[in-house]
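Worksheet for the structure shown next.
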Number of protein chains: 2
Amino acid sequence: MTELSKLSAAERATLAQELQARYDAFKAQGLKLDMTRGKPSAEQLDLATKLTVALGEADYKSADGTDARNYGGLDGLPEMKAIFGEMLGAPAAQVVVGGASSLQMMHDTVVRALLHGVPGSKESWGRGKIKFICPAPGYDRHFAICEHHGIEMITVSIDENGPDMAEVEKLVASDASIKGMWCVPKYSNPTGTTYSASVVRRLASMKAAAPDFRLFWDNAYAVHDLYEKSDELANVLSACAEAGNSDRAIVFGSTSKISFAGAGVAALAASPANIADVKKHSAIQTIGPDKMNQLRHVRFFKDYAGLVSHMKKHAELLRPKFEAVTEIFARDLGEKGVATWTKPHGGYFVSLDTLDGCASEVVKLADAAGVKLTAAGATFPYGKDPRDRNIRVAPSMPPLAQVKSAMDVVTVCVLLASLKKLGA
Amino acid sequence: MTELSKLSAAERATLAQELQARYDAFKAQGLKLDMTRGKPSAEQLDLATKLTVALGEADYKSADGTDARNYGGLDGLPEMKAIFGEMLGAPAAQVVVGGASSLQMMHDTVVRALLHGVPGSKESWGRGKIKFICPAPGYDRHFAICEHHGIEMITVSIDENGPDMAEVEKLVASDASIKGMWCVPKYSNPTGTTYSASVVRRLASMKAAAPDFRLFWDNAYAVHDLYEKSDELANVLSACAEAGNSDRAIVFGSTSKISFAGAGVAALAASPANIADVKKHSAIQTIGPDKMNQLRHVRFFKDYAGLVSHMKKHAELLRPKFEAVTEIFARDLGEKGVATWTKPHGGYFVSLDTLDGCASEVVKLADAAGVKLTAAGATFPYGKDPRDRNIRVAPSMPPLAQVKSAMDVVTVCVLLASLKKLGA
């Protein structure tokens, strides 16, 4: 196929007519397909069916003798801390296990900093106007935390190695009101990017005007590989320590897309000073998280190796869906010069870039044909994609056949919107 | 027995010698008894053993078809909301189910108000200096939330009907910086007080200088009766609505001392405006709480009646311990004129008042004899009991025989400290 921009006006008009006919045919089918949700499918959840029954009636004691049914245990059971320690790259002593939601742990870490600052702060972050660096496209819920709490977001671009480090270094070195940066360092949401070793090293060692600058390191997809060979992510806590910035990174993770998305276990890992700070604040907030659910997870996975091996079953279910998306994109959009897309090795999303100014139109067209896509702009701070080109595709939840049907519709929508833009 | 103050100096000296001998004998036994913790005993937790296995492998769908394993459901499963609605006195639609900790819901409600205000606020509470009314003796973790976040605490006394309402009304009407008041309205921690209908009505209808004044209504012991006949607590949400102050109260509760203290379910209930506000904020904080644990609780209790009937089994275990405490107090301290104590109909504590200035000494003496009591002062704001007389006794956790042994020691310590105070 040729690039659309190289077709004559007459050829484009003919193509547009053909596409419109196909689009109308899709519309007539009354499809109801939802590609918006980065949620595991029922089949993936079924992989952990035995988690529900992993604890017997009399099974409530952790290895250290703690009765998991009773109050206490602010930072989690030792066995659970050990598993998260390996997942997040820290000694178990530098792990705090929370409830079911790592988003909540991130949110609460930001809130505590707003009210009380963090180790190294001269005053609470909420005393002045503060800013966060937001690599984009990125995760809308990170951006929502900033927007909700009045934290100004500075967008930086992200390429196949991670955020634009020249830009990040310049900003962070020169502006002391920049207190934080959101990072999804492995299989980034939505681009699938894994930060290169050099990017991790530069983030850990760059000069920061704010002495209490923090990397909010959301390692949501630490073990969420689609292929046997995993992308390698450098250990940010070690890199920060080596650079003399031990307290710079706070690492978050959970079993949400490993066991049950709504009933997993979340944790954070950080330097001893940060951990002491987190514990000081969380001791005021709660008597402790649900230890029975921790014990249930420990019994089910046994250890970190068991958890990693469990993820291979997820990969078997997810890989065909991801490959269907990228294969249909290649088949229908390849060499047309109107779109690029990612081919991630893990994570939960494929990121599609259309011609500038076309993403909203594609989402609108798809919606009218019964295919729900994530709102255009959602992957950018304030919900505004300056180039209106990024679309986040979430193939995990629907069955494979539906993923294929949906993508058949989406590519037609992309071509139609592109032709309109090119003047068909 | 006679009042100690009416004994002659010689009689007191003799008594002191006898008591000292008994105290030394206790000390020689090398006791290790802990009366500090308001935690359920292992036997109480065993009552809910079947909770752990209440969900079968394929049991993960709520009545409305929600897959409890997956993301979503910010305010809880309908069945769980219905149970808490009955417990907390609100329609299910006015309930938000949280994670495992009602303390966390209270803390987070305070934090949200500090950062964003509440419905009716002109600005966020954190913009100025704010104050909370704290009936005392009260719950140390409530006071810790205030102290941690720089909220000034104003202590008011509490009698058998509840807080000193004349004082509360005067303060709240005259000081717009008073934004909140902590209330444990039923079987109050530690006095066992249930607020009278008149107190509830006055709290609901009193004039507040701050238009966004809130009652933080911690109904922690809503169903925690020791006897067949429960203390009656008026519905504060109805009372507020009737008084034209619909948004005044936020009611909190949990199953922590009903099912598992570390792995229960927590919830809040409030007016539609407050609920909408809570949801707006919590949608930023989390994708949703653990719905599998909610479903587990729904299967185990079936409904609110099932939960209430379960509490009768707790009462069977707790009642003898509470009665042992008050019987030993009556036996050893009755008519001595050196102590008063509560005889609660429910809840988790017996509150003991010594002569002014003696509580610290009693706690110290008991500790030296191997009996740990809650630190003197812990039941007051800033950990300072102005009269140094209140001691919180927590009989739930140790076996009955240990409760008795501990109280045998405590009464000797009270008498010794009293004699010292009276000048033995």
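Ordering of the structure tokens sets the chain letters (A, B, ...); residue numbers start at 1 within each chain; ligands are numbered from 1 in the order shown.
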>> Can you work out which residues from chain B touch chain A at a cut-off of 7 Å (counting only C-alpha atoms) and hand them back as a PyMOL selection string?
In response: chain B and resi 39+45+49-50+52-53+55-57+68-72+100-101+103-104+107+144-145+260-263+284-286+288-292
Based on the selection just made, write N, CA and C atoms of those residues as a CSV table (one decimal), in the first residue's frame.
```
chain,number,residue,atom,x,y,z
B,39,LYS,N,-8.0,-5.3,72.1
B,39,LYS,CA,-8.1,-6.2,71.0
B,39,LYS,C,-9.0,-7.4,71.3
B,45,LEU,N,-11.9,-14.3,68.0
B,45,LEU,CA,-11.6,-14.4,66.5
B,45,LEU,C,-12.0,-15.8,66.0
B,49,THR,N,-14.1,-18.2,62.5
B,49,THR,CA,-13.2,-19.1,61.7
B,49,THR,C,-13.7,-19.4,60.3
B,50,LYS,N,-15.1,-19.6,60.2
B,50,LYS,CA,-15.6,-19.9,58.9
B,50,LYS,C,-15.6,-18.8,57.9
B,52,THR,N,-13.0,-17.3,57.0
B,52,THR,CA,-11.9,-17.5,56.1
B,52,THR,C,-12.3,-18.4,54.9
B,53,VAL,N,-13.2,-19.3,55.1
B,53,VAL,CA,-13.5,-20.3,54.1
B,53,VAL,C,-15.0,-20.0,53.6
B,55,LEU,N,-15.9,-18.2,51.2
B,55,LEU,CA,-16.0,-18.1,49.7
B,55,LEU,C,-15.4,-19.3,49.1
B,56,GLY,N,-16.2,-20.0,48.2
B,56,GLY,CA,-15.7,-21.1,47.4
B,56,GLY,C,-14.9,-20.6,46.3
B,57,GLU,N,-14.2,-21.5,45.5
B,57,GLU,CA,-13.4,-21.1,44.4
B,57,GLU,C,-14.1,-20.3,43.4
B,68,ALA,N,-16.2,-9.5,41.9
B,68,ALA,CA,-15.5,-8.9,43.0
B,68,ALA,C,-14.0,-9.0,42.9
B,69,ARG,N,-13.5,-9.8,42.0
B,69,ARG,CA,-12.1,-10.0,41.8
B,69,ARG,C,-11.4,-8.8,41.0
B,70,ASN,N,-12.2,-8.2,40.3
B,70,ASN,CA,-11.7,-7.2,39.3
B,70,ASN,C,-11.8,-5.8,39.9
B,71,TYR,N,-11.2,-4.8,39.2
B,71,TYR,CA,-11.2,-3.4,39.6
B,71,TYR,C,-12.7,-2.9,39.6
B,72,GLY,N,-12.8,-1.8,40.4
B,72,GLY,CA,-14.1,-1.0,40.3
B,72,GLY,C,-14.9,-1.1,41.6
B,100,ALA,N,-10.1,-2.0,55.2
B,100,ALA,CA,-10.3,-2.8,56.5
B,100,ALA,C,-10.4,-1.9,57.7
B,101,SER,N,-10.1,-0.6,57.6
B,101,SER,CA,-9.9,0.2,58.7
B,101,SER,C,-10.8,1.5,58.8
B,103,LEU,N,-10.6,3.6,61.2
B,103,LEU,CA,-9.7,4.7,61.6
B,103,LEU,C,-9.1,5.4,60.3
B,104,GLN,N,-8.8,4.6,59.3
B,104,GLN,CA,-8.3,5.2,58.1
B,104,GLN,C,-9.3,6.1,57.4
B,107,HIS,N,-9.4,9.3,59.5
B,107,HIS,CA,-8.2,10.0,59.2
B,107,HIS,C,-8.3,10.7,57.8
B,144,ALA,N,-4.7,11.5,68.4
B,144,ALA,CA,-3.4,11.4,67.6
B,144,ALA,C,-3.6,12.0,66.3
B,145,ILE,N,-4.7,11.8,65.6
B,145,ILE,CA,-5.0,12.4,64.3
B,145,ILE,C,-4.9,13.9,64.4
B,260,PHE,N,-12.9,-10.1,62.0
B,260,PHE,CA,-11.5,-10.1,62.3
B,260,PHE,C,-11.0,-8.7,62.5
B,261,ALA,N,-10.3,-8.4,63.6
B,261,ALA,CA,-9.9,-7.1,63.9
B,261,ALA,C,-8.9,-6.5,62.8
B,262,GLY,N,-8.1,-7.4,62.3
B,262,GLY,CA,-7.1,-6.9,61.3
B,262,GLY,C,-7.6,-7.1,59.9
B,263,ALA,N,-8.7,-7.7,59.7
B,263,ALA,CA,-9.1,-8.1,58.3
B,263,ALA,C,-10.6,-8.0,58.1
B,284,ILE,N,-10.1,9.7,43.4
B,284,ILE,CA,-8.8,10.1,43.1
B,284,ILE,C,-7.8,9.2,43.8
B,285,GLN,N,-8.2,8.8,45.0
B,285,GLN,CA,-7.3,8.0,45.9
B,285,GLN,C,-7.1,6.6,45.5
B,286,THR,N,-8.2,6.0,45.0
B,286,THR,CA,-8.2,4.5,44.7
B,286,THR,C,-9.1,4.1,43.6
B,288,GLY,N,-10.7,1.4,44.1
B,288,GLY,CA,-11.8,0.7,44.9
B,288,GLY,C,-11.2,-0.2,46.0
B,289,PRO,N,-12.0,-0.4,47.0
B,289,PRO,CA,-11.6,-1.3,48.1
B,289,PRO,C,-11.7,-2.8,47.7
B,290,ASP,N,-11.2,-3.6,48.6
B,290,ASP,CA,-11.2,-5.1,48.4
B,290,ASP,C,-12.7,-5.6,48.5
B,291,LYS,N,-13.2,-5.9,47.3
B,291,LYS,CA,-14.6,-6.4,47.3
B,291,LYS,C,-14.7,-7.9,47.6
B,292,MET,N,-13.6,-8.6,47.4
B,292,MET,CA,-13.7,-10.1,47.8
B,292,MET,C,-13.9,-10.2,49.3
```
>> So that I can check the secondary structure, give me every residue of stretch 55-183 of chain A assigned strand (DSSP E) by backbone DSSP, as a list in words.
In response: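 So, restricting stretch 55-183 of chain A to strand (DSSP E), we get Val95, Val96, Val97, Lys131, Phe132, Ile133, Cys134, Pro135, Ala136, Glu152, Met153, Ile154, Thr155, Val156, Ser157, Ile158, Asp159, Gly162, Pro163, Ile178, Lys179, Gly180, Met181, Trp182 and Cys183 of chain A.
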> Contacts of B:Leu355 at 12 Å or less, counting only C-alpha atoms, minus same-chain residues fewer than 6 places along, as a VMD selection string?
Replying inline: chain B and resid 4 to 5 333 336 to 341 361 to 362 387 to 391 414 to 422
>> Set the distance at 8 Å and use only C-alpha atoms: which residues neighbour stretch 311-314 of chain B once local chain neighbours fewer than 4 positions away are removed? I'd like the list as a ChimeraX atom specification.
In response: /B:44,47,223-226,228,258,307,318
How about saving the chosen residues, N, CA and C atoms kept, as a CSV table (one decimal), in the first residue's frame?
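Writing done, so here's out00.csv:
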```csv
chain,number,residue,atom,x,y,z
B,44,GLN,N,-12.5,-15.0,70.6
B,44,GLN,CA,-13.4,-14.2,69.9
B,44,GLN,C,-13.2,-14.3,68.4
B,47,LEU,N,-14.6,-17.3,66.7
B,47,LEU,CA,-16.0,-17.3,66.4
B,47,LEU,C,-16.2,-17.1,64.9
B,223,VAL,N,-22.8,-2.5,67.8
B,223,VAL,CA,-23.5,-3.7,68.1
B,223,VAL,C,-22.7,-4.6,69.2
B,224,HIS,N,-21.9,-3.9,69.9
B,224,HIS,CA,-21.0,-4.6,70.8
B,224,HIS,C,-21.6,-4.6,72.2
B,225,ASP,N,-22.7,-5.2,72.4
B,225,ASP,CA,-23.4,-5.2,73.7
B,225,ASP,C,-22.9,-6.4,74.5
B,226,LEU,N,-22.8,-6.2,75.8
B,226,LEU,CA,-22.5,-7.3,76.7
B,226,LEU,C,-23.7,-8.0,77.2
B,228,GLU,N,-28.2,-8.7,77.0
B,228,GLU,CA,-29.3,-8.9,76.0
B,228,GLU,C,-29.9,-7.6,75.7
B,258,ILE,N,-16.0,-7.5,65.2
B,258,ILE,CA,-17.1,-8.4,64.9
B,258,ILE,C,-16.6,-9.6,64.2
B,307,LEU,N,-25.3,-10.7,61.6
B,307,LEU,CA,-24.2,-10.1,62.2
B,307,LEU,C,-24.5,-9.8,63.7
B,318,LEU,N,-17.0,-12.1,76.5
B,318,LEU,CA,-16.6,-10.8,77.1
B,318,LEU,C,-17.2,-10.5,78.4
```
> Leaving out B:Thr326 and any residue of its chain fewer than 3 positions from it, which residues lie within 8 Å of it when counting only C-alpha atoms, given as a list in words?
Replying inline: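 What passes the distance filter is Phe322, Glu323, Phe329, Ala330, Trp341, Thr342, Lys343 and Val350 of chain B.
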Any chance you can output those residues with N, CA, C and O atoms as a PDB file, in the first residue's frame?
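Wrote it out as out31.pdb, contents follow:
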```pdb
ATOM      1  N   PHE B 322     -15.485  -8.623  81.836  1.00  0.00           N
ATOM      2  CA  PHE B 322     -15.877  -7.294  82.320  1.00  0.00           C
ATOM      3  C   PHE B 322     -16.397  -7.380  83.752  1.00  0.00           C
ATOM      4  O   PHE B 322     -16.062  -6.553  84.601  1.00  0.00           O
ATOM      5  N   GLU B 323     -17.189  -8.406  84.011  1.00  0.00           N
ATOM      6  CA  GLU B 323     -17.760  -8.533  85.355  1.00  0.00           C
ATOM      7  C   GLU B 323     -16.682  -8.871  86.384  1.00  0.00           C
ATOM      8  O   GLU B 323     -16.748  -8.420  87.528  1.00  0.00           O
ATOM      9  N   PHE B 329     -12.992  -4.768  91.531  1.00  0.00           N
ATOM     10  CA  PHE B 329     -12.941  -3.358  91.943  1.00  0.00           C
ATOM     11  C   PHE B 329     -13.884  -3.141  93.133  1.00  0.00           C
ATOM     12  O   PHE B 329     -13.516  -2.502  94.124  1.00  0.00           O
ATOM     13  N   ALA B 330     -15.110  -3.682  93.045  1.00  0.00           N
ATOM     14  CA  ALA B 330     -16.088  -3.495  94.125  1.00  0.00           C
ATOM     15  C   ALA B 330     -15.584  -4.155  95.413  1.00  0.00           C
ATOM     16  O   ALA B 330     -15.669  -3.575  96.500  1.00  0.00           O
ATOM     17  N   TRP B 341     -15.415   3.674  89.120  1.00  0.00           N
ATOM     18  CA  TRP B 341     -15.199   2.962  87.849  1.00  0.00           C
ATOM     19  C   TRP B 341     -16.535   2.772  87.143  1.00  0.00           C
ATOM     20  O   TRP B 341     -17.595   2.889  87.764  1.00  0.00           O
ATOM     21  N   THR B 342     -16.444   2.500  85.875  1.00  0.00           N
ATOM     22  CA  THR B 342     -17.656   2.323  85.073  1.00  0.00           C
ATOM     23  C   THR B 342     -18.059   0.849  85.055  1.00  0.00           C
ATOM     24  O   THR B 342     -17.232  -0.036  85.253  1.00  0.00           O
ATOM     25  N   LYS B 343     -19.354   0.637  84.824  1.00  0.00           N
ATOM     26  CA  LYS B 343     -19.862  -0.734  84.622  1.00  0.00           C
ATOM     27  C   LYS B 343     -20.556  -0.754  83.272  1.00  0.00           C
ATOM     28  O   LYS B 343     -21.784  -0.710  83.202  1.00  0.00           O
ATOM     29  N   VAL B 350     -13.194  -0.773  80.626  1.00  0.00           N
ATOM     30  CA  VAL B 350     -13.666  -0.260  81.912  1.00  0.00           C
ATOM     31  C   VAL B 350     -12.777   0.942  82.219  1.00  0.00           C
ATOM     32  O   VAL B 350     -11.559   0.896  82.028  1.00  0.00           O
TER      33      VAL B 350
END
```
>> Which residues are close to B:Pro381, i.e. within 8 Å by only C-alpha atoms, leaving aside same-chain residues fewer than 4 positions away? Reply as a ChimeraX atom specification.
In response: /B:134,136,140,143-144,153-155,385
> Running DSSP on the backbone, which parts of stretch 146-235 of chain B land in helix (DSSP H, G or I), as an NGL selection string?
Replying inline: :B and (146-148 or 165-174 or 197-205)
Dump N, CA, C and O atoms for the selected residues as a tab-separated table (two decimals), in the first residue's frame?
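Dumped everything to part20.tsv:
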```tsv
chain	number	residue	atom	x	y	z
B	146	CYS	N	-5.56	14.47	65.39
B	146	CYS	CA	-5.54	15.93	65.57
B	146	CYS	C	-4.12	16.43	65.83
B	146	CYS	O	-3.66	17.38	65.19
B	147	GLU	N	-3.45	15.80	66.76
B	147	GLU	CA	-2.12	16.28	67.14
B	147	GLU	C	-1.16	16.21	65.94
B	147	GLU	O	-0.42	17.16	65.67
B	148	HIS	N	-1.22	15.10	65.22
B	148	HIS	CA	-0.34	14.90	64.07
B	148	HIS	C	-0.53	15.99	63.01
B	148	HIS	O	0.43	16.46	62.40
B	165	MET	N	-22.80	19.09	77.50
B	165	MET	CA	-23.39	19.80	76.37
B	165	MET	C	-23.44	21.31	76.56
B	165	MET	O	-23.36	22.06	75.58
B	166	ALA	N	-23.58	21.76	77.79
B	166	ALA	CA	-23.59	23.21	78.02
B	166	ALA	C	-22.27	23.79	77.52
B	166	ALA	O	-22.23	24.80	76.81
B	167	GLU	N	-21.19	23.10	77.86
B	167	GLU	CA	-19.86	23.55	77.45
B	167	GLU	C	-19.69	23.43	75.92
B	167	GLU	O	-19.19	24.35	75.27
B	168	VAL	N	-20.10	22.29	75.39
B	168	VAL	CA	-19.97	22.08	73.94
B	168	VAL	C	-20.75	23.15	73.18
B	168	VAL	O	-20.23	23.77	72.24
B	169	GLU	N	-21.98	23.39	73.57
B	169	GLU	CA	-22.82	24.38	72.87
B	169	GLU	C	-22.19	25.77	72.93
B	169	GLU	O	-22.18	26.49	71.92
B	170	LYS	N	-21.65	26.10	74.08
B	170	LYS	CA	-21.03	27.43	74.24
B	170	LYS	C	-19.82	27.57	73.30
B	170	LYS	O	-19.67	28.56	72.58
B	171	LEU	N	-18.99	26.56	73.31
B	171	LEU	CA	-17.77	26.60	72.49
B	171	LEU	C	-18.10	26.64	71.00
B	171	LEU	O	-17.59	27.50	70.26
B	172	VAL	N	-18.95	25.71	70.56
B	172	VAL	CA	-19.21	25.57	69.12
B	172	VAL	C	-19.95	26.79	68.57
B	172	VAL	O	-19.74	27.19	67.42
B	173	ALA	N	-20.79	27.39	69.38
B	173	ALA	CA	-21.54	28.57	68.93
B	173	ALA	C	-20.66	29.80	68.81
B	173	ALA	O	-20.95	30.71	68.02
B	174	SER	N	-19.57	29.83	69.58
B	174	SER	CA	-18.84	31.09	69.68
B	174	SER	C	-17.53	31.11	68.91
B	174	SER	O	-16.95	32.16	68.69
B	197	ALA	N	-30.51	10.44	74.31
B	197	ALA	CA	-31.25	11.00	73.18
B	197	ALA	C	-31.17	12.52	73.19
B	197	ALA	O	-31.05	13.16	72.14
B	198	SER	N	-31.20	13.08	74.39
B	198	SER	CA	-31.15	14.54	74.49
B	198	SER	C	-29.79	15.07	74.04
B	198	SER	O	-29.71	16.09	73.34
B	199	VAL	N	-28.72	14.38	74.41
B	199	VAL	CA	-27.38	14.80	73.97
B	199	VAL	C	-27.27	14.72	72.45
B	199	VAL	O	-26.77	15.64	71.78
B	200	VAL	N	-27.76	13.63	71.87
B	200	VAL	CA	-27.69	13.48	70.41
B	200	VAL	C	-28.46	14.62	69.75
B	200	VAL	O	-27.99	15.24	68.79
B	201	ARG	N	-29.67	14.91	70.29
B	201	ARG	CA	-30.48	15.98	69.70
B	201	ARG	C	-29.79	17.33	69.82
B	201	ARG	O	-29.78	18.13	68.88
B	202	ARG	N	-29.19	17.57	70.97
B	202	ARG	CA	-28.50	18.87	71.14
B	202	ARG	C	-27.28	18.98	70.23
B	202	ARG	O	-27.02	20.05	69.67
B	203	LEU	N	-26.55	17.89	70.07
B	203	LEU	CA	-25.39	17.92	69.15
B	203	LEU	C	-25.85	18.19	67.72
B	203	LEU	O	-25.19	18.92	66.97
B	204	ALA	N	-26.98	17.60	67.36
B	204	ALA	CA	-27.48	17.74	65.99
B	204	ALA	C	-28.04	19.14	65.73
B	204	ALA	O	-27.94	19.65	64.62
B	205	SER	N	-28.58	19.75	66.75
B	205	SER	CA	-29.31	21.00	66.53
B	205	SER	C	-28.59	22.24	67.04
B	205	SER	O	-29.01	23.35	66.74
```
> If we count only C-alpha atoms, what is near B:Pro320 at a cut-off of 12 Å, once residues fewer than 3 positions away on the same chain are taken out, given as a ChimeraX atom specification?
Replying inline: /B:226-227,314-317,323-328,395-396,398-401,403-404
> Rounded to one decimal in Å, what is the spacing between atom CA of B:Glu232 and atom CA of B:Asp247?
Replying inline: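 Atom-to-atom, atom CA of B:Glu232 to atom CA of B:Asp247, that is 22.7 Å.
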>> For a test of reading the model, state the distance in Å between atom CA of A:Val308 and atom CA of A:Ser188, rounded to one decimal.
In response: 19.0 Å
>> So the first atom is atom CA of A:Thr354 and the second is atom CA of A:Glu18; what is the distance between them in Å, to one decimal place?
In response: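 Going from atom CA of A:Thr354 over to atom CA of A:Glu18 covers 20.1 Å.
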> Which residue, A:Arg299, A:His345, A:Arg12, A:Arg319, has the smallest gap to A:Thr193 when you use only C-alpha atoms?
Replying inline: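 With only C-alpha atoms as the atom set, the closest residue is A:His345.
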